[in-house]
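Enquirer: my_file.cif (mmCIF, C-alpha atoms, pLDDT in the B column; chains and numbers go by the auth columns) pasted underneath:
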data_my_file
loop_
_atom_site.group_PDB
_atom_site.id
_atom_site.type_symbol
_atom_site.label_atom_id
_atom_site.label_comp_id
_atom_site.label_asym_id
_atom_site.label_seq_id
_atom_site.Cartn_x
_atom_site.Cartn_y
_atom_site.Cartn_z
_atom_site.B_iso_or_equiv
_atom_site.auth_seq_id
_atom_site.auth_asym_id
ATOM 1 C CA MET A 1 86.719 77.741 115.398 39.00 1 A
ATOM 2 C CA ASN A 2 88.352 81.146 115.119 56.00 2 A
ATOM 3 C CA PRO A 3 87.925 82.956 111.817 66.00 3 A
ATOM 4 C CA LEU A 4 91.081 83.562 109.873 88.00 4 A
ATOM 5 C CA ILE A 5 91.715 87.143 108.814 93.00 5 A
ATOM 6 C CA LYS A 6 94.060 87.622 105.880 95.00 6 A
ATOM 7 C CA ILE A 7 95.330 91.161 105.377 96.00 7 A
ATOM 8 C CA GLN A 8 95.540 92.203 101.737 96.00 8 A
ATOM 9 C CA SER A 9 96.919 95.738 102.146 97.00 9 A
ATOM 10 C CA ALA A 10 97.331 98.410 104.786 97.00 10 A
ATOM 11 C CA CYS A 11 98.273 102.063 104.951 96.00 11 A
ATOM 12 C CA MET A 12 98.332 104.881 107.474 96.00 12 A
ATOM 13 C CA THR A 13 99.059 108.592 107.514 95.00 13 A
ATOM 14 C CA HIS A 14 99.685 110.977 110.394 94.00 14 A
ATOM 15 C CA THR A 15 99.409 114.750 110.623 91.00 15 A
ATOM 16 C CA LYS A 16 99.191 117.074 113.613 91.00 16 A
ATOM 17 C CA GLU A 17 95.828 118.313 112.370 91.00 17 A
ATOM 18 C CA ASP A 18 94.152 114.971 111.605 88.00 18 A
ATOM 19 C CA GLY A 19 95.978 112.529 113.884 94.00 19 A
ATOM 20 C CA TYR A 20 96.346 108.961 112.617 95.00 20 A
ATOM 21 C CA VAL A 21 94.185 107.743 109.753 96.00 21 A
ATOM 22 C CA GLY A 22 94.625 104.210 108.441 96.00 22 A
ATOM 23 C CA GLN A 23 92.945 101.747 106.121 97.00 23 A
ATOM 24 C CA VAL A 24 93.263 97.985 106.006 98.00 24 A
ATOM 25 C CA GLU A 25 91.814 95.738 103.323 98.00 25 A
ATOM 26 C CA PHE A 26 91.262 92.179 104.497 97.00 26 A
ATOM 27 C CA GLN A 27 89.492 88.912 103.795 96.00 27 A
ATOM 28 C CA VAL A 28 87.749 86.727 106.384 95.00 28 A
ATOM 29 C CA GLU A 29 87.838 82.980 105.826 93.00 29 A
ATOM 30 C CA GLY A 30 84.461 81.731 104.630 92.00 30 A
ATOM 31 C CA HIS A 31 83.184 85.187 103.657 93.00 31 A
ATOM 32 C CA LYS A 32 82.443 85.864 100.000 92.00 32 A
ATOM 33 C CA PHE A 33 83.622 89.497 99.794 95.00 33 A
ATOM 34 C CA PRO A 34 86.603 91.353 101.312 97.00 34 A
ATOM 35 C CA TYR A 35 86.313 94.198 103.810 97.00 35 A
ATOM 36 C CA GLU A 36 87.973 97.523 104.452 97.00 36 A
ATOM 37 C CA ILE A 37 88.341 99.084 107.872 98.00 37 A
ATOM 38 C CA THR A 38 89.156 102.763 108.285 97.00 38 A
ATOM 39 C CA LEU A 39 90.917 103.538 111.560 97.00 39 A
ATOM 40 C CA TYR A 40 91.214 106.892 113.304 97.00 40 A
ATOM 41 C CA SER A 41 93.034 108.056 116.418 96.00 41 A
ATOM 42 C CA THR A 42 94.155 111.488 117.551 93.00 42 A
ATOM 43 C CA LYS A 43 97.141 110.196 119.535 90.00 43 A
ATOM 44 C CA GLY A 44 97.559 106.594 118.346 88.00 44 A
ATOM 45 C CA LYS A 45 96.216 105.001 121.526 88.00 45 A
ATOM 46 C CA GLU A 46 92.412 104.811 121.388 92.00 46 A
ATOM 47 C CA TRP A 47 90.973 103.909 117.997 95.00 47 A
ATOM 48 C CA SER A 48 87.665 104.578 116.278 95.00 48 A
ATOM 49 C CA TYR A 49 86.797 102.682 113.129 96.00 49 A
ATOM 50 C CA GLY A 50 84.403 102.267 110.260 96.00 50 A
ATOM 51 C CA LEU A 51 83.915 98.851 108.669 97.00 51 A
ATOM 52 C CA HIS A 52 82.530 98.284 105.186 96.00 52 A
ATOM 53 C CA PHE A 53 82.723 95.936 102.235 97.00 53 A
ATOM 54 C CA LEU A 54 85.686 96.677 99.996 95.00 54 A
ATOM 55 C CA GLU A 55 84.287 96.418 96.477 89.00 55 A
ATOM 56 C CA GLN A 56 80.693 95.255 96.603 90.00 56 A
ATOM 57 C CA SER A 57 78.138 94.601 99.282 90.00 57 A
ATOM 58 C CA GLY A 58 77.822 91.191 100.830 89.00 58 A
ATOM 59 C CA SER A 59 75.396 89.930 103.411 91.00 59 A
ATOM 60 C CA GLU A 60 74.523 92.064 106.400 93.00 60 A
ATOM 61 C CA GLU A 61 74.843 88.952 108.557 94.00 61 A
ATOM 62 C CA GLN A 62 78.497 88.496 107.603 94.00 62 A
ATOM 63 C CA ILE A 63 79.527 92.119 108.182 95.00 63 A
ATOM 64 C CA LEU A 64 77.800 92.012 111.579 95.00 64 A
ATOM 65 C CA GLU A 65 79.791 88.848 112.383 94.00 65 A
ATOM 66 C CA VAL A 66 83.019 90.694 111.581 95.00 66 A
ATOM 67 C CA GLU A 67 81.957 93.709 113.641 95.00 67 A
ATOM 68 C CA ASP A 68 81.179 91.441 116.602 94.00 68 A
ATOM 69 C CA LEU A 69 84.515 89.682 116.163 92.00 69 A
ATOM 70 C CA LEU A 70 86.429 92.982 116.263 93.00 70 A
ATOM 71 C CA GLU A 71 84.456 94.256 119.252 92.00 71 A
ATOM 72 C CA GLU A 72 84.811 91.047 121.272 92.00 72 A
ATOM 73 C CA ASN A 73 88.346 89.981 120.383 89.00 73 A
ATOM 74 C CA ASP A 74 91.086 92.573 120.833 90.00 74 A
ATOM 75 C CA GLU A 75 93.606 90.273 119.144 93.00 75 A
ATOM 76 C CA TYR A 76 91.942 90.646 115.734 94.00 76 A
ATOM 77 C CA PHE A 77 91.345 94.390 116.064 95.00 77 A
ATOM 78 C CA ASP A 78 94.921 94.959 117.263 94.00 78 A
ATOM 79 C CA MET A 79 96.231 92.941 114.321 95.00 79 A
ATOM 80 C CA LEU A 80 94.482 95.320 111.898 96.00 80 A
ATOM 81 C CA VAL A 81 95.714 98.414 113.761 96.00 81 A
ATOM 82 C CA GLU A 82 99.281 97.071 113.815 95.00 82 A
ATOM 83 C CA ALA A 83 99.197 96.317 110.079 96.00 83 A
ATOM 84 C CA ALA A 84 98.217 99.925 109.391 96.00 84 A
ATOM 85 C CA LYS A 85 100.738 101.343 111.873 95.00 85 A
ATOM 86 C CA ASN A 86 103.534 99.233 110.364 94.00 86 A
ATOM 87 C CA SER A 87 102.951 100.934 107.006 92.00 87 A
ATOM 88 C CA LEU A 88 103.314 104.436 108.500 84.00 88 A
ATOM 89 C CA GLN A 89 106.175 106.334 106.934 66.00 89 A
ATOM 90 C CA ASN A 90 108.301 108.148 109.523 54.00 90 A
#
Kindly transcribe the structure held in the file into structure tokens.

Expert:
Amino acid sequence: MNPLIKIQSACMTHTKEDGYVGQVEFQVEGHKFPYEITLYSTKGKEWSYGLHFLEQSGSEEQILEVEDLLEENDEYFDMLVEAAKNSLQN
């Protein structure tokens, strides 16, 4: 069974100096607490990220599950990147 990711909010900024910086708040089905991922890319092609709990800490096991999911399944990671990119103001 694939976990369901529900995006709550997303934003992204871009400057010549900092590149692209985005944040996406999301919930994973069956997980008690929501997450936030911070995305970074200099040119908008290769992305680095930091994943953490949004408001309060949950179990380490669950956040590791989400990290594994994002590392192993490009579809979920790309969905989060696209949500942030779609919020970018031109």

Enquirer: Given the point (96.6, 95.7, 114.0) in the file's coordinates, find the residues that have an atom at most 12 Å from it, counting only C-alpha atoms, and give them as a PDB file with C-alpha atoms, keeping the file's coordinate frame.

Expert:
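Final output, saved to point_31.pdb:
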ATOM      1  CA  ILE A   5      91.715  87.143 108.814  1.00 93.00           C
ATOM      2  CA  LYS A   6      94.060  87.622 105.880  1.00 95.00           C
ATOM      3  CA  ILE A   7      95.330  91.161 105.377  1.00 96.00           C
ATOM      4  CA  SER A   9      96.919  95.738 102.146  1.00 97.00           C
ATOM      5  CA  ALA A  10      97.331  98.410 104.786  1.00 97.00           C
ATOM      6  CA  CYS A  11      98.273 102.063 104.951  1.00 96.00           C
ATOM      7  CA  MET A  12      98.332 104.881 107.474  1.00 96.00           C
ATOM      8  CA  GLY A  22      94.625 104.210 108.441  1.00 96.00           C
ATOM      9  CA  GLN A  23      92.945 101.747 106.121  1.00 97.00           C
ATOM     10  CA  VAL A  24      93.263  97.985 106.006  1.00 98.00           C
ATOM     11  CA  GLU A  25      91.814  95.738 103.323  1.00 98.00           C
ATOM     12  CA  PHE A  26      91.262  92.179 104.497  1.00 97.00           C
ATOM     13  CA  ILE A  37      88.341  99.084 107.872  1.00 98.00           C
ATOM     14  CA  THR A  38      89.156 102.763 108.285  1.00 97.00           C
ATOM     15  CA  LEU A  39      90.917 103.538 111.560  1.00 97.00           C
ATOM     16  CA  GLY A  44      97.559 106.594 118.346  1.00 88.00           C
ATOM     17  CA  LYS A  45      96.216 105.001 121.526  1.00 88.00           C
ATOM     18  CA  TRP A  47      90.973 103.909 117.997  1.00 95.00           C
ATOM     19  CA  LEU A  70      86.429  92.982 116.263  1.00 93.00           C
ATOM     20  CA  ASN A  73      88.346  89.981 120.383  1.00 89.00           C
ATOM     21  CA  ASP A  74      91.086  92.573 120.833  1.00 90.00           C
ATOM     22  CA  GLU A  75      93.606  90.273 119.144  1.00 93.00           C
ATOM     23  CA  TYR A  76      91.942  90.646 115.734  1.00 94.00           C
ATOM     24  CA  PHE A  77      91.345  94.390 116.064  1.00 95.00           C
ATOM     25  CA  ASP A  78      94.921  94.959 117.263  1.00 94.00           C
ATOM     26  CA  MET A  79      96.231  92.941 114.321  1.00 95.00           C
ATOM     27  CA  LEU A  80      94.482  95.320 111.898  1.00 96.00           C
ATOM     28  CA  VAL A  81      95.714  98.414 113.761  1.00 96.00           C
ATOM     29  CA  GLU A  82      99.281  97.071 113.815  1.00 95.00           C
ATOM     30  CA  ALA A  83      99.197  96.317 110.079  1.00 96.00           C
ATOM     31  CA  ALA A  84      98.217  99.925 109.391  1.00 96.00           C
ATOM     32  CA  LYS A  85     100.738 101.343 111.873  1.00 95.00           C
ATOM     33  CA  ASN A  86     103.534  99.233 110.364  1.00 94.00           C
ATOM     34  CA  SER A  87     102.951 100.934 107.006  1.00 92.00           C
TER      35      SER A  87
END

Enquirer: Kindly list the centre and edge lengths in Å, rounded to one decimal, for the axis-aligned box that covers all listed atoms of stretch 18-36 of chain A plus 6 Å on each of its six sides, as JSON.

Expert:
{"center_x": 89.4, "center_y": 98.4, "center_z": 106.8, "size_x": 25.9, "size_y": 45.2, "size_z": 26.1}

Enquirer: Take the point (97.3, 117.8, 115.1) in the file's coordinates, draw a sphere of radius 12 Å around it, and report as a list in words every protein, DNA or RNA residue with an atom inside or on it, counting only C-alpha atoms.

Expert: His14, Thr15, Lys16, Glu17, Asp18, Gly19, Tyr20, Val21, Ser41, Thr42, Lys43 and Gly44 of chain A

Enquirer: Figure out the distance between atom CA of A:Glu71 and atom CA of A:Gln56, please, to one decimal in Å.

Expert: 23.0 Å

Enquirer: I would like the residues chosen by the PyMOL selection byres ((chain A and resi 62) around 10) on the shown file; could you give them as a PyMOL selection string?

Expert: chain A and resi 28+30-33+58-61+63-68

Enquirer: Provide the atom CA of A:Ser48 to atom CA of A:Glu29 distance in Å, to one decimal place.

Expert: 24.0 Å
